[in-house]
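Participant: Please find target.pdb (PDB, C-alpha atoms, pLDDT in the B column) on the next line:
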ATOM      1  CA  MET A   1      -6.329  -3.509  57.713  1.00 51.00           C
ATOM      2  CA  ALA A   2      -5.197   0.042  58.217  1.00 54.00           C
ATOM      3  CA  HIS A   3      -6.776   2.700  56.043  1.00 53.00           C
ATOM      4  CA  ILE A   4      -4.151   4.664  54.171  1.00 54.00           C
ATOM      5  CA  SER A   5      -6.083   7.913  54.073  1.00 54.00           C
ATOM      6  CA  SER A   6      -9.346   9.529  55.021  1.00 52.00           C
ATOM      7  CA  ILE A   7     -10.827   8.842  51.607  1.00 52.00           C
ATOM      8  CA  ASP A   8     -11.501   5.286  52.723  1.00 57.00           C
ATOM      9  CA  PHE A   9     -14.265   6.605  54.924  1.00 63.00           C
ATOM     10  CA  ASN A  10     -17.527   7.698  53.379  1.00 85.00           C
ATOM     11  CA  SER A  11     -16.241   6.349  50.073  1.00 90.00           C
ATOM     12  CA  LEU A  12     -18.153   6.909  46.865  1.00 95.00           C
ATOM     13  CA  ALA A  13     -20.444   4.108  45.753  1.00 96.00           C
ATOM     14  CA  PRO A  14     -22.795   3.918  42.750  1.00 97.00           C
ATOM     15  CA  TYR A  15     -26.170   4.264  44.383  1.00 95.00           C
ATOM     16  CA  TRP A  16     -28.491   7.049  45.435  1.00 97.00           C
ATOM     17  CA  VAL A  17     -28.995   8.026  49.064  1.00 95.00           C
ATOM     18  CA  SER A  18     -30.777  10.768  51.004  1.00 93.00           C
ATOM     19  CA  VAL A  19     -33.508  10.640  48.392  1.00 94.00           C
ATOM     20  CA  ILE A  20     -36.120  13.357  48.656  1.00 93.00           C
ATOM     21  CA  GLU A  21     -39.465  12.683  47.014  1.00 89.00           C
ATOM     22  CA  SER A  22     -41.524  15.796  46.428  1.00 86.00           C
ATOM     23  CA  GLY A  23     -45.303  15.627  46.562  1.00 83.00           C
ATOM     24  CA  THR A  24     -45.868  11.906  46.230  1.00 80.00           C
ATOM     25  CA  GLN A  25     -44.263   8.612  47.174  1.00 83.00           C
ATOM     26  CA  ASP A  26     -45.960   6.497  44.536  1.00 86.00           C
ATOM     27  CA  ASP A  27     -44.521   4.607  41.577  1.00 85.00           C
ATOM     28  CA  ARG A  28     -43.962   7.766  39.525  1.00 87.00           C
ATOM     29  CA  LEU A  29     -40.882   8.517  41.638  1.00 84.00           C
ATOM     30  CA  ALA A  30     -38.378   5.795  42.315  1.00 90.00           C
ATOM     31  CA  VAL A  31     -34.834   4.630  42.796  1.00 94.00           C
ATOM     32  CA  ILE A  32     -34.559   1.455  40.754  1.00 94.00           C
ATOM     33  CA  ASN A  33     -31.967  -0.960  39.376  1.00 95.00           C
ATOM     34  CA  HIS A  34     -30.625  -1.866  42.835  1.00 95.00           C
ATOM     35  CA  GLY A  35     -30.402   1.781  43.839  1.00 97.00           C
ATOM     36  CA  THR A  36     -28.405   2.985  40.858  1.00 98.00           C
ATOM     37  CA  LYS A  37     -31.081   4.864  38.890  1.00 98.00           C
ATOM     38  CA  ILE A  38     -33.204   7.713  40.197  1.00 98.00           C
ATOM     39  CA  GLN A  39     -36.156   8.726  38.077  1.00 97.00           C
ATOM     40  CA  SER A  40     -39.252  10.920  38.035  1.00 97.00           C
ATOM     41  CA  THR A  41     -42.098  10.197  35.636  1.00 96.00           C
ATOM     42  CA  ASP A  42     -44.866  12.477  36.903  1.00 95.00           C
ATOM     43  CA  GLY A  43     -45.262  14.628  33.815  1.00 97.00           C
ATOM     44  CA  ASN A  44     -43.807  18.010  32.999  1.00 98.00           C
ATOM     45  CA  ASN A  45     -42.711  19.809  36.192  1.00 97.00           C
ATOM     46  CA  GLY A  46     -44.606  17.217  38.211  1.00 96.00           C
ATOM     47  CA  ASN A  47     -43.515  15.670  41.472  1.00 94.00           C
ATOM     48  CA  HIS A  48     -39.906  14.616  41.464  1.00 94.00           C
ATOM     49  CA  ALA A  49     -37.228  12.641  43.288  1.00 95.00           C
ATOM     50  CA  SER A  50     -33.820  14.139  43.999  1.00 96.00           C
ATOM     51  CA  GLY A  51     -30.901  12.631  45.874  1.00 96.00           C
ATOM     52  CA  TYR A  52     -27.191  12.284  46.511  1.00 96.00           C
ATOM     53  CA  VAL A  53     -24.589   9.842  45.297  1.00 97.00           C
ATOM     54  CA  LYS A  54     -23.384   7.750  48.247  1.00 95.00           C
ATOM     55  CA  GLY A  55     -20.119   9.105  49.644  1.00 95.00           C
ATOM     56  CA  THR A  56     -17.920  12.075  48.874  1.00 95.00           C
ATOM     57  CA  ALA A  57     -14.742  12.761  46.941  1.00 95.00           C
ATOM     58  CA  ARG A  58     -11.448  14.112  48.172  1.00 91.00           C
ATOM     59  CA  GLY A  59      -8.606  13.769  45.697  1.00 92.00           C
ATOM     60  CA  LYS A  60      -8.872  11.253  42.907  1.00 95.00           C
ATOM     61  CA  PHE A  61     -12.243   9.772  41.996  1.00 96.00           C
ATOM     62  CA  LYS A  62     -14.214   8.403  39.073  1.00 97.00           C
ATOM     63  CA  ILE A  63     -17.952   8.495  38.402  1.00 98.00           C
ATOM     64  CA  GLN A  64     -19.683   7.089  35.338  1.00 98.00           C
ATOM     65  CA  PHE A  65     -23.306   7.905  34.726  1.00 98.00           C
ATOM     66  CA  LYS A  66     -26.054   8.293  32.139  1.00 98.00           C
ATOM     67  CA  LEU A  67     -28.511  11.177  32.090  1.00 98.00           C
ATOM     68  CA  GLY A  68     -32.141  10.791  31.068  1.00 98.00           C
ATOM     69  CA  TYR A  69     -33.395  12.252  27.812  1.00 98.00           C
ATOM     70  CA  SER A  70     -36.920  13.566  28.360  1.00 98.00           C
ATOM     71  CA  TRP A  71     -38.775  16.881  28.791  1.00 98.00           C
ATOM     72  CA  GLY A  72     -37.238  17.878  32.134  1.00 98.00           C
ATOM     73  CA  TRP A  73     -33.569  18.482  32.766  1.00 98.00           C
ATOM     74  CA  SER A  74     -31.799  15.353  33.915  1.00 98.00           C
ATOM     75  CA  SER A  75     -28.805  16.394  35.955  1.00 98.00           C
ATOM     76  CA  LEU A  76     -25.768  15.513  37.951  1.00 98.00           C
ATOM     77  CA  TYR A  77     -24.061  18.228  39.962  1.00 97.00           C
ATOM     78  CA  ALA A  78     -20.885  18.353  42.023  1.00 97.00           C
ATOM     79  CA  ALA A  79     -20.832  20.737  44.972  1.00 96.00           C
ATOM     80  CA  ASN A  80     -18.520  21.340  47.878  1.00 96.00           C
ATOM     81  CA  VAL A  81     -19.942  19.485  50.878  1.00 95.00           C
ATOM     82  CA  ALA A  82     -19.812  22.732  52.872  1.00 94.00           C
ATOM     83  CA  THR A  83     -22.558  24.182  50.643  1.00 94.00           C
ATOM     84  CA  VAL A  84     -24.998  21.311  51.072  1.00 93.00           C
ATOM     85  CA  THR A  85     -27.693  20.468  53.550  1.00 89.00           C
ATOM     86  CA  GLN A  86     -28.538  16.831  53.033  1.00 83.00           C
ATOM     87  CA  SER A  87     -32.227  17.303  53.743  1.00 86.00           C
ATOM     88  CA  THR A  88     -32.598  19.529  50.688  1.00 87.00           C
ATOM     89  CA  VAL A  89     -31.346  19.350  47.107  1.00 89.00           C
ATOM     90  CA  SER A  90     -30.770  22.444  45.002  1.00 86.00           C
ATOM     91  CA  SER A  91     -28.981  22.996  41.727  1.00 85.00           C
ATOM     92  CA  THR A  92     -27.722  26.269  43.194  1.00 87.00           C
ATOM     93  CA  ASN A  93     -25.439  24.519  45.707  1.00 90.00           C
ATOM     94  CA  ALA A  94     -23.016  23.864  42.854  1.00 93.00           C
ATOM     95  CA  TYR A  95     -22.473  27.593  42.354  1.00 91.00           C
ATOM     96  CA  THR A  96     -21.878  29.001  45.777  1.00 91.00           C
ATOM     97  CA  ALA A  97     -19.452  31.862  46.394  1.00 92.00           C
ATOM     98  CA  GLY A  98     -16.092  30.666  47.646  1.00 94.00           C
ATOM     99  CA  TYR A  99     -16.402  27.122  46.300  1.00 96.00           C
ATOM    100  CA  ASN A 100     -16.144  25.233  43.029  1.00 97.00           C
ATOM    101  CA  GLY A 101     -18.749  23.018  41.433  1.00 97.00           C
ATOM    102  CA  LEU A 102     -19.866  21.265  38.269  1.00 98.00           C
ATOM    103  CA  GLY A 103     -23.145  20.836  36.422  1.00 97.00           C
ATOM    104  CA  PHE A 104     -24.174  18.272  33.786  1.00 98.00           C
ATOM    105  CA  ILE A 105     -27.681  18.739  32.384  1.00 98.00           C
ATOM    106  CA  ASN A 106     -29.510  17.127  29.474  1.00 98.00           C
ATOM    107  CA  ASN A 107     -33.029  17.016  28.061  1.00 98.00           C
ATOM    108  CA  ASN A 108     -34.938  16.387  24.848  1.00 98.00           C
ATOM    109  CA  SER A 109     -37.266  19.389  24.937  1.00 98.00           C
ATOM    110  CA  ASN A 110     -34.468  21.913  24.553  1.00 98.00           C
ATOM    111  CA  ASN A 111     -32.484  19.058  23.010  1.00 98.00           C
ATOM    112  CA  ASP A 112     -29.346  20.227  24.809  1.00 98.00           C
ATOM    113  CA  PHE A 113     -26.522  18.614  26.690  1.00 98.00           C
ATOM    114  CA  LYS A 114     -24.616  21.205  28.693  1.00 98.00           C
ATOM    115  CA  VAL A 115     -21.638  20.968  30.984  1.00 98.00           C
ATOM    116  CA  TYR A 116     -20.630  23.793  33.295  1.00 97.00           C
ATOM    117  CA  SER A 117     -17.979  24.422  35.860  1.00 97.00           C
ATOM    118  CA  TYR A 118     -18.564  26.968  38.563  1.00 96.00           C
ATOM    119  CA  ALA A 119     -15.927  29.014  40.314  1.00 93.00           C
ATOM    120  CA  GLY A 120     -18.054  30.612  42.967  1.00 85.00           C
ATOM    121  CA  THR A 121     -20.987  32.196  41.170  1.00 84.00           C
ATOM    122  CA  THR A 122     -19.135  32.504  37.858  1.00 90.00           C
ATOM    123  CA  SER A 123     -19.950  29.726  35.416  1.00 93.00           C
ATOM    124  CA  THR A 124     -17.985  28.474  32.433  1.00 97.00           C
ATOM    125  CA  THR A 125     -19.765  26.528  29.698  1.00 97.00           C
ATOM    126  CA  HIS A 126     -17.539  23.685  28.504  1.00 98.00           C
ATOM    127  CA  THR A 127     -20.078  21.868  26.370  1.00 98.00           C
ATOM    128  CA  ASP A 128     -23.341  22.927  24.716  1.00 97.00           C
ATOM    129  CA  ILE A 129     -24.351  20.329  22.142  1.00 98.00           C
ATOM    130  CA  THR A 130     -27.396  18.428  20.953  1.00 98.00           C
ATOM    131  CA  GLY A 131     -29.012  16.366  23.687  1.00 98.00           C
ATOM    132  CA  ILE A 132     -27.732  12.851  24.280  1.00 98.00           C
ATOM    133  CA  SER A 133     -29.591   9.600  24.905  1.00 98.00           C
ATOM    134  CA  ASP A 134     -28.182   6.531  26.653  1.00 98.00           C
ATOM    135  CA  VAL A 135     -24.630   7.896  26.498  1.00 98.00           C
ATOM    136  CA  LEU A 136     -22.040   6.973  29.128  1.00 98.00           C
ATOM    137  CA  ILE A 137     -20.441  10.010  30.772  1.00 98.00           C
ATOM    138  CA  THR A 138     -17.196   9.539  32.675  1.00 98.00           C
ATOM    139  CA  LEU A 139     -16.092  12.163  35.194  1.00 98.00           C
ATOM    140  CA  TRP A 140     -12.785  11.894  37.025  1.00 98.00           C
ATOM    141  CA  ARG A 141     -10.155  13.842  38.977  1.00 97.00           C
ATOM    142  CA  ASP A 142      -6.451  13.027  38.849  1.00 96.00           C
ATOM    143  CA  SER A 143      -3.723  13.321  41.465  1.00 94.00           C
ATOM    144  CA  SER A 144      -3.107  16.964  40.493  1.00 96.00           C
ATOM    145  CA  ASN A 145      -6.791  17.792  41.117  1.00 96.00           C
ATOM    146  CA  VAL A 146      -7.413  18.274  37.413  1.00 97.00           C
ATOM    147  CA  VAL A 147     -10.999  17.299  36.568  1.00 98.00           C
ATOM    148  CA  TYR A 148     -11.994  15.791  33.237  1.00 98.00           C
ATOM    149  CA  TYR A 149     -15.069  14.351  31.636  1.00 98.00           C
ATOM    150  CA  LYS A 150     -15.780  12.333  28.516  1.00 98.00           C
ATOM    151  CA  ALA A 151     -19.183  11.664  26.951  1.00 98.00           C
ATOM    152  CA  GLY A 152     -19.413   8.557  24.804  1.00 98.00           C
ATOM    153  CA  SER A 153     -16.851   8.626  22.020  1.00 97.00           C
ATOM    154  CA  ASN A 154     -16.393  12.400  22.195  1.00 97.00           C
ATOM    155  CA  SER A 155     -13.003  13.821  23.102  1.00 97.00           C
ATOM    156  CA  THR A 156     -11.983  14.218  26.736  1.00 98.00           C
ATOM    157  CA  VAL A 157     -12.745  17.689  28.085  1.00 98.00           C
ATOM    158  CA  THR A 158     -10.666  19.324  30.830  1.00 98.00           C
ATOM    159  CA  LEU A 159     -12.986  21.120  33.233  1.00 98.00           C
ATOM    160  CA  GLY A 160     -10.325  22.732  35.429  1.00 97.00           C
ATOM    161  CA  THR A 161      -8.337  22.257  38.594  1.00 97.00           C
ATOM    162  CA  PHE A 162     -10.589  21.889  41.617  1.00 97.00           C
ATOM    163  CA  ALA A 163      -9.451  20.589  44.988  1.00 96.00           C
ATOM    164  CA  ASP A 164     -12.885  20.766  46.593  1.00 96.00           C
ATOM    165  CA  HIS A 165     -14.262  18.068  48.846  1.00 95.00           C
ATOM    166  CA  TRP A 166     -17.219  17.246  46.639  1.00 96.00           C
ATOM    167  CA  CYS A 167     -20.534  15.522  46.921  1.00 96.00           C
ATOM    168  CA  PHE A 168     -22.638  14.687  43.863  1.00 97.00           C
ATOM    169  CA  TYR A 169     -26.371  15.011  43.473  1.00 97.00           C
ATOM    170  CA  HIS A 170     -29.325  14.892  41.118  1.00 97.00           C
ATOM    171  CA  ALA A 171     -31.678  17.897  41.220  1.00 95.00           C
ATOM    172  CA  ALA A 172     -34.778  16.726  39.419  1.00 93.00           C
ATOM    173  CA  GLN A 173     -37.187  18.345  36.986  1.00 97.00           C
ATOM    174  CA  SER A 174     -39.801  15.741  36.065  1.00 97.00           C
ATOM    175  CA  PRO A 175     -39.695  13.788  33.823  1.00 98.00           C
ATOM    176  CA  CYS A 176     -36.006  12.989  34.228  1.00 98.00           C
ATOM    177  CA  ALA A 177     -33.521  10.373  35.351  1.00 98.00           C
ATOM    178  CA  ALA A 178     -29.891   9.802  36.291  1.00 98.00           C
ATOM    179  CA  GLU A 179     -28.251   6.396  36.348  1.00 98.00           C
ATOM    180  CA  LEU A 180     -24.968   5.624  38.084  1.00 98.00           C
ATOM    181  CA  ILE A 181     -22.730   3.082  36.411  1.00 98.00           C
ATOM    182  CA  CYS A 182     -19.777   3.368  38.786  1.00 97.00           C
ATOM    183  CA  ALA A 183     -18.593   5.699  41.526  1.00 97.00           C
ATOM    184  CA  HIS A 184     -15.423   5.224  43.507  1.00 94.00           C
ATOM    185  CA  ASN A 185     -12.557   7.026  45.145  1.00 93.00           C
ATOM    186  CA  LEU A 186      -9.126   6.214  43.817  1.00 90.00           C
ATOM    187  CA  SER A 187      -6.593   5.510  46.510  1.00 78.00           C
ATOM    188  CA  GLU A 188      -3.147   6.992  46.740  1.00 65.00           C
ATOM    189  CA  ALA A 189      -0.291   4.580  47.177  1.00 60.00           C
ATOM    190  CA  ALA A 190       0.882   4.269  50.757  1.00 58.00           C
ATOM    191  CA  SER A 191       4.072   6.183  51.402  1.00 51.00           C
TER     192      SER A 191
ATOM    193  CA  MET B   1     -43.470  39.130  36.878  1.00 95.00           C
ATOM    194  CA  ASP B   2     -44.056  36.919  39.892  1.00 97.00           C
ATOM    195  CA  PHE B   3     -45.419  33.415  39.231  1.00 98.00           C
ATOM    196  CA  SER B   4     -44.581  31.984  42.644  1.00 96.00           C
ATOM    197  CA  GLU B   5     -48.254  31.429  43.494  1.00 96.00           C
ATOM    198  CA  TYR B   6     -48.466  28.731  40.815  1.00 96.00           C
ATOM    199  CA  ASN B   7     -47.405  25.115  40.785  1.00 96.00           C
ATOM    200  CA  ALA B   8     -44.540  24.586  38.335  1.00 97.00           C
ATOM    201  CA  ALA B   9     -46.598  21.911  36.577  1.00 98.00           C
ATOM    202  CA  VAL B  10     -49.275  24.529  35.872  1.00 98.00           C
ATOM    203  CA  ILE B  11     -46.602  26.785  34.398  1.00 98.00           C
ATOM    204  CA  ALA B  12     -45.548  23.957  32.081  1.00 98.00           C
ATOM    205  CA  ILE B  13     -49.150  23.457  30.958  1.00 98.00           C
ATOM    206  CA  ALA B  14     -49.626  27.186  30.280  1.00 98.00           C
ATOM    207  CA  ALA B  15     -46.485  27.232  28.168  1.00 98.00           C
ATOM    208  CA  ASP B  16     -47.651  24.162  26.287  1.00 98.00           C
ATOM    209  CA  ILE B  17     -51.003  25.816  25.556  1.00 98.00           C
ATOM    210  CA  LEU B  18     -48.948  28.591  23.984  1.00 98.00           C
ATOM    211  CA  SER B  19     -47.154  25.956  21.872  1.00 98.00           C
ATOM    212  CA  TRP B  20     -43.906  26.225  23.870  1.00 98.00           C
ATOM    213  CA  THR B  21     -42.763  22.637  24.245  1.00 97.00           C
ATOM    214  CA  LYS B  22     -39.315  23.304  25.719  1.00 98.00           C
ATOM    215  CA  SER B  23     -38.513  23.240  29.402  1.00 98.00           C
ATOM    216  CA  VAL B  24     -39.697  26.060  31.638  1.00 98.00           C
ATOM    217  CA  ASN B  25     -39.587  26.494  35.388  1.00 97.00           C
ATOM    218  CA  ILE B  26     -40.009  29.026  38.182  1.00 97.00           C
ATOM    219  CA  LYS B  27     -36.955  30.654  39.727  1.00 94.00           C
ATOM    220  CA  SER B  28     -36.680  31.212  43.458  1.00 91.00           C
ATOM    221  CA  ASP B  29     -37.596  34.861  42.913  1.00 95.00           C
ATOM    222  CA  GLY B  30     -40.851  33.899  41.193  1.00 97.00           C
ATOM    223  CA  THR B  31     -39.816  34.823  37.656  1.00 98.00           C
ATOM    224  CA  LEU B  32     -39.833  32.266  34.872  1.00 98.00           C
ATOM    225  CA  GLU B  33     -36.754  30.295  33.854  1.00 97.00           C
ATOM    226  CA  TRP B  34     -36.552  29.701  30.092  1.00 98.00           C
ATOM    227  CA  TYR B  35     -33.034  28.268  30.165  1.00 95.00           C
ATOM    228  CA  GLY B  36     -31.536  30.794  27.795  1.00 94.00           C
ATOM    229  CA  GLU B  37     -33.961  30.124  24.960  1.00 97.00           C
ATOM    230  CA  SER B  38     -35.381  32.888  22.813  1.00 97.00           C
ATOM    231  CA  GLY B  39     -38.836  33.173  21.303  1.00 97.00           C
ATOM    232  CA  HIS B  40     -40.608  31.967  24.415  1.00 98.00           C
ATOM    233  CA  PRO B  41     -44.006  33.308  25.499  1.00 98.00           C
ATOM    234  CA  THR B  42     -44.072  36.621  27.301  1.00 98.00           C
ATOM    235  CA  ASP B  43     -45.016  36.949  30.948  1.00 98.00           C
ATOM    236  CA  GLU B  44     -48.261  38.583  29.890  1.00 98.00           C
ATOM    237  CA  GLN B  45     -49.138  35.723  27.537  1.00 98.00           C
ATOM    238  CA  MET B  46     -48.394  33.242  30.297  1.00 98.00           C
ATOM    239  CA  LYS B  47     -50.498  35.100  32.860  1.00 98.00           C
ATOM    240  CA  ALA B  48     -53.390  35.115  30.426  1.00 98.00           C
ATOM    241  CA  LYS B  49     -53.333  31.298  30.256  1.00 98.00           C
ATOM    242  CA  MET B  50     -52.947  30.515  33.943  1.00 98.00           C
ATOM    243  CA  VAL B  51     -56.656  30.030  34.671  1.00 98.00           C
ATOM    244  CA  GLU B  52     -56.981  27.615  31.751  1.00 98.00           C
ATOM    245  CA  ALA B  53     -53.781  25.849  32.755  1.00 98.00           C
ATOM    246  CA  GLN B  54     -54.846  25.535  36.377  1.00 98.00           C
ATOM    247  CA  ALA B  55     -58.166  23.995  35.312  1.00 98.00           C
ATOM    248  CA  GLU B  56     -56.327  21.484  33.118  1.00 98.00           C
ATOM    249  CA  TYR B  57     -53.972  20.630  35.967  1.00 98.00           C
ATOM    250  CA  ASP B  58     -56.842  20.217  38.427  1.00 97.00           C
ATOM    251  CA  ALA B  59     -58.592  17.870  36.000  1.00 98.00           C
ATOM    252  CA  ASN B  60     -55.687  15.844  34.670  1.00 97.00           C
ATOM    253  CA  GLY B  61     -52.509  16.640  36.609  1.00 96.00           C
ATOM    254  CA  PRO B  62     -49.175  17.450  34.992  1.00 97.00           C
ATOM    255  CA  LYS B  63     -48.855  17.164  31.226  1.00 97.00           C
ATOM    256  CA  THR B  64     -47.478  13.795  30.213  1.00 93.00           C
TER     257      THR B  64
END
Here is the file; what I need is its structure written in the form of structure tokens.

Facilitator:
Amino acid sequence: MAHISSIDFNSLAPYWVSVIESGTQDDRLAVINHGTKIQSTDGNNGNHASGYVKGTARGKFKIQFKLGYSWGWSSLYAANVATVTQSTVSSTNAYTAGYNGLGFINNNSNNDFKVYSYAGTTSTTHTDITGISDVLITLWRDSSNVVYYKAGSNSTVTLGTFADHWCFYHAAQSPCAAELICAHNLSEAAS
Amino acid sequence: MDFSEYNAAVIAIAADILSWTKSVNIKSDGTLEWYGESGHPTDEQMKAKMVEAQAEYDANGPKT
């Protein structure tokens, strides 16, 4: 079978890779549910596990995920792959000059769910609402590079037009979690 | 004020002692990150609780 484009390589998949466990490797940090859920349960600002979603996204993609709802910020970020070193995970990669990124964060201590887009180091807040628990978030990019997200039954939100080659990651603040439900590239029809 | 000498879990305990139950962290420059919230403890109040917080952390680890 011939691949129709480069997106077939390093395709997105709904599990966590390049996991970095800080401070401990015991049962308080883990990737569970067949690799789909990354969690840290080592108390407030305790040791934590961060990691990357398998694969990267050029063009159309879809990711569905659920963020944890506990004291620390549960997160999922999108950052241009050029800003990332896989051996480290930092929320700041998503807002790097010259690139575009996204940030989804949620917790129960501030009781906030926030969604940002970043154009370089300038951020735009698209959502700032009461924290959410066990709510499916769908993030996707269409063939015109327009990026959208939808949380539960809320209305679809347009985040902007971003053509970046993105990776996705969870930058942890214990206790927190991020669960992947699906993650895939969406192929273009062969011409 | 620079808090970079402290473990972030100790910072969380100090804030909790001061009845601040929302998220707090340390920025890369050593200052405290309060995530845009108002009414949080001052740097001076936090510094004053660090010895107590460190002792709690040494005895019991991060607050759960």

Participant: Could you name the residues that touch Lys66 of chain A at 12 Å or less, counting only C-alpha atoms, but leaving out those on the same chain fewer than 4 positions away, as a ChimeraX atom specification?

Facilitator: /A:14,36-39,74-76,104-107,113,132-139,150-152,170,176-182

Participant: Expand the PyMOL selection byres ((chain B and resi 46-57) around 12) into the individual residues it matches in the shown file, reporting them as a ChimeraX atom specification.

Facilitator: /A:43-46 /B:1-20,24,31-32,40-45,58-64

Participant: Please return, as a tab-separated table (two decimals) with C-alpha atoms, keeping the file's coordinate frame, all polymer residues that have at least one atom within 8 Å of the point (-6.6, 15.1, 47.7); use all atoms listed in the file and the file's own coordinate frame.

Facilitator:
chain	number	residue	atom	x	y	z
A	58	ARG	CA	-11.45	14.11	48.17
A	59	GLY	CA	-8.61	13.77	45.70
A	60	LYS	CA	-8.87	11.25	42.91
A	143	SER	CA	-3.72	13.32	41.46
A	145	ASN	CA	-6.79	17.79	41.12
A	163	ALA	CA	-9.45	20.59	44.99

Participant: What do you get, as a short mmCIF file (atom, residue, chain, number, x, y, z; two decimals) with C-alpha atoms, in the frame of the given file, if you spell out every residue that the PyMOL selection byres ((chain A) within 12 of (chain B)) selects here?

Facilitator:
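After the write, expr-v4.cif holds the following:
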data_model
loop_
_atom_site.label_atom_id
_atom_site.label_comp_id
_atom_site.auth_asym_id
_atom_site.auth_seq_id
_atom_site.Cartn_x
_atom_site.Cartn_y
_atom_site.Cartn_z
CA GLY A 23 -45.30 15.63 46.56
CA ARG A 28 -43.96 7.77 39.52
CA SER A 40 -39.25 10.92 38.03
CA THR A 41 -42.10 10.20 35.64
CA ASP A 42 -44.87 12.48 36.90
CA GLY A 43 -45.26 14.63 33.82
CA ASN A 44 -43.81 18.01 33.00
CA ASN A 45 -42.71 19.81 36.19
CA GLY A 46 -44.61 17.22 38.21
CA ASN A 47 -43.52 15.67 41.47
CA HIS A 48 -39.91 14.62 41.46
CA SER A 70 -36.92 13.57 28.36
CA TRP A 71 -38.78 16.88 28.79
CA GLY A 72 -37.24 17.88 32.13
CA TRP A 73 -33.57 18.48 32.77
CA SER A 74 -31.80 15.35 33.92
CA SER A 90 -30.77 22.44 45.00
CA SER A 91 -28.98 23.00 41.73
CA THR A 92 -27.72 26.27 43.19
CA ILE A 105 -27.68 18.74 32.38
CA ASN A 106 -29.51 17.13 29.47
CA ASN A 107 -33.03 17.02 28.06
CA ASN A 108 -34.94 16.39 24.85
CA SER A 109 -37.27 19.39 24.94
CA ASN A 110 -34.47 21.91 24.55
CA ASN A 111 -32.48 19.06 23.01
CA ASP A 112 -29.35 20.23 24.81
CA LYS A 114 -24.62 21.20 28.69
CA ASP A 128 -23.34 22.93 24.72
CA ALA A 172 -34.78 16.73 39.42
CA GLN A 173 -37.19 18.34 36.99
CA SER A 174 -39.80 15.74 36.06
CA PRO A 175 -39.70 13.79 33.82
CA CYS A 176 -36.01 12.99 34.23
#

Participant: To one decimal place, how far is atom CA of Gln86 of chain A from atom CA of Gly131 of chain A in Å?

Facilitator: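 Result for atom CA of Gln86 of chain A versus atom CA of Gly131 of chain A: 29.4 Å, one decimal.
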
Participant: Atom CA of Gly35 of chain A to atom CA of Asn80 of chain A: how many Å, to one decimal?

Facilitator: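 Value for the atom CA of Gly35 of chain A-atom CA of Asn80 of chain A distance: 23.2 Å.
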
Participant: Compare A:Thr56, A:Ser50, A:Thr161, A:Thr83 by their minimum atom-to-atom distance to Leu186 of chain A, counting only C-alpha atoms, and give me the closest one.

Facilitator: A:Thr56
